[in-house]
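Inspection log for the structure reproduced underneath, given as structure tokens.
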Amino acid sequence: MADLPFSPSRLKLFNWHKWAGISILALSAVRLLWRLTHPAPALPGNIVQAMPDWQLKAHHLTHIALYALFFVVPLIGWAYTSATGFPVVLFGQYPLPDLVGPDKALAALLKPWHQISAYTLAILAALHIAAALKHQLVDRDGLLQRMSLRG
Ligand code: HEM
Ligand code: HEM
């Protein structure tokens, strides 16, 4: 999308990207509210005992960082597009407020941070999936099955 030459299909993809990103932002808010009112059950004792301290810390920190990035990435994207002077019209129907006024210098500052934070999110998600697969296939400790038992 970002590398396409200026064209109607580029504009269309930019809009779809913004709508998807705003939808993710809204879903993340619902999810965070749910999580704050319904805390995750503690890890079972046998899994905690089998995990070295650094893995327990990484488990905790990765989840916090993922949640933070669910907000940071789309909010920077939204602020970036506001700074460039292109307001978001959600699904082509609902105009959203601008997070900041038009500001070329701010837009130039935010653009790389949108990319860096998005790639950080992708890398963390990949590490998270790799860790889940390790629990499932190497440790065989039933961590994955826990998800289907949550209320
Ligand atoms: C979780 C949500 C989002 C993710 C993962 C994401 C990810 C990305 C990525 C990977 C790029 C390409 C960066 C590059 O290689 O140059 C990008 C570009 C862009 N994003 Fe997002 N984004 C999200 C949400 C949003 C939102 C909500 C908006 C605006 C409302 C937005 C606006 C943009 C714009 C305008 C660009 C193009 C930058 C340019 O080349 O001028 N993004 N985004
Ligand atoms: C094949 C894909 C995936 C698998 C197998 C998987 C597996 C898991 C498991 C087993 C847990 C619970 C860990 C525990 O019991 O403490 C979990 C939690 C979580 N996962 Fe994934 N995951 C996957 C993809 C993703 C992706 C793509 C994201 C984000 C982009 C993500 C974000 C999270 C978050 C934020 C939590 C913490 C949830 C909470 O406690 O509120 N996961 N995942």
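Each chain of the structure tokens is named A, B, ... in the order shown, its residues numbered from 1; ligands are numbered from 1 in display order.
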
**OP:** Produce as a PyMOL selection string the set of residues near ligand 2, where near means within 10 Å with only C-alpha atoms and all ligand atoms considered.
**Re:** chain A and resi 28+31-32+34-36+38-44+47+56+59-60+62-70+121-136+142-148+150

**OP:** Based on DSSP run over this structure's backbone, return all residues of chain A in alpha helix (DSSP H), as a ChimeraX atom specification.
**Re:** /A:8-37,45-50,53-83,104-134,146-149

Subject >> Of the listed residues A:Lys104, A:Arg140, A:His17, A:Lys111, that which approaches Ile76 in chain A most closely, counting only C-alpha atoms >> reply: A:Lys111

Subject >> Surrounding residues as a VMD selection string, ligand 1, max 8 Å, only C-alpha atoms and all ligand atoms >> reply: chain A and resid 1 to 3 14 17 to 25 69 to 71 73 to 82 88 111 to 112 114 to 116 118 to 119 121 to 122

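The spacing separating CA of Ser9 in chain A from CA of Ala108 in chain A amounts to 23.4 Å.
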
Original post:
What is the CA of Val100 in chain A to CA of Gly85 in chain A distance in Å?
Top reply: 9.1 Å

Subject >> DSSP strand (DSSP E) residues within range 84-113 of chain A, as a PyMOL selection string >> reply: chain A and resi 89-90+94-95

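What separates CA of Phe91 in chain A from CA of Arg10 in chain A is a distance of 15.9 Å.
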
For Thr84 in chain A, work out the shell of residues within 7 Å, counting only C-alpha atoms and skipping chain neighbours fewer than 5 positions away, then give it as a PDB file with N, CA, C and O atoms, in the first residue's frame.
ATOM      1  N   PRO A 102      -3.485  19.897  11.266  1.00  0.00           N
ATOM      2  CA  PRO A 102      -2.499  19.674  10.212  1.00  0.00           C
ATOM      3  C   PRO A 102      -1.132  20.218  10.632  1.00  0.00           C
ATOM      4  O   PRO A 102      -1.050  21.341  11.136  1.00  0.00           O
ATOM      5  N   ASP A 103      -0.089  19.406  10.512  1.00  0.00           N
ATOM      6  CA  ASP A 103       1.241  19.793  10.985  1.00  0.00           C
ATOM      7  C   ASP A 103       2.265  18.891  10.280  1.00  0.00           C
ATOM      8  O   ASP A 103       2.424  17.717  10.627  1.00  0.00           O
ATOM      9  N   LYS A 104       2.922  19.472   9.249  1.00  0.00           N
ATOM     10  CA  LYS A 104       3.841  18.666   8.420  1.00  0.00           C
ATOM     11  C   LYS A 104       4.978  18.069   9.237  1.00  0.00           C
ATOM     12  O   LYS A 104       5.349  16.909   9.043  1.00  0.00           O
ATOM     13  N   ALA A 107       3.756  15.203  11.290  1.00  0.00           N
ATOM     14  CA  ALA A 107       3.473  14.052  10.412  1.00  0.00           C
ATOM     15  C   ALA A 107       4.781  13.315  10.083  1.00  0.00           C
ATOM     16  O   ALA A 107       4.836  12.081  10.143  1.00  0.00           O
TER      17      ALA A 107
END

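Proximity ranking of A:Asp98, A:Leu27, A:Ala83, A:Leu137 relative to Leu110 in chain A places A:Ala83 first, based on only C-alpha atoms.
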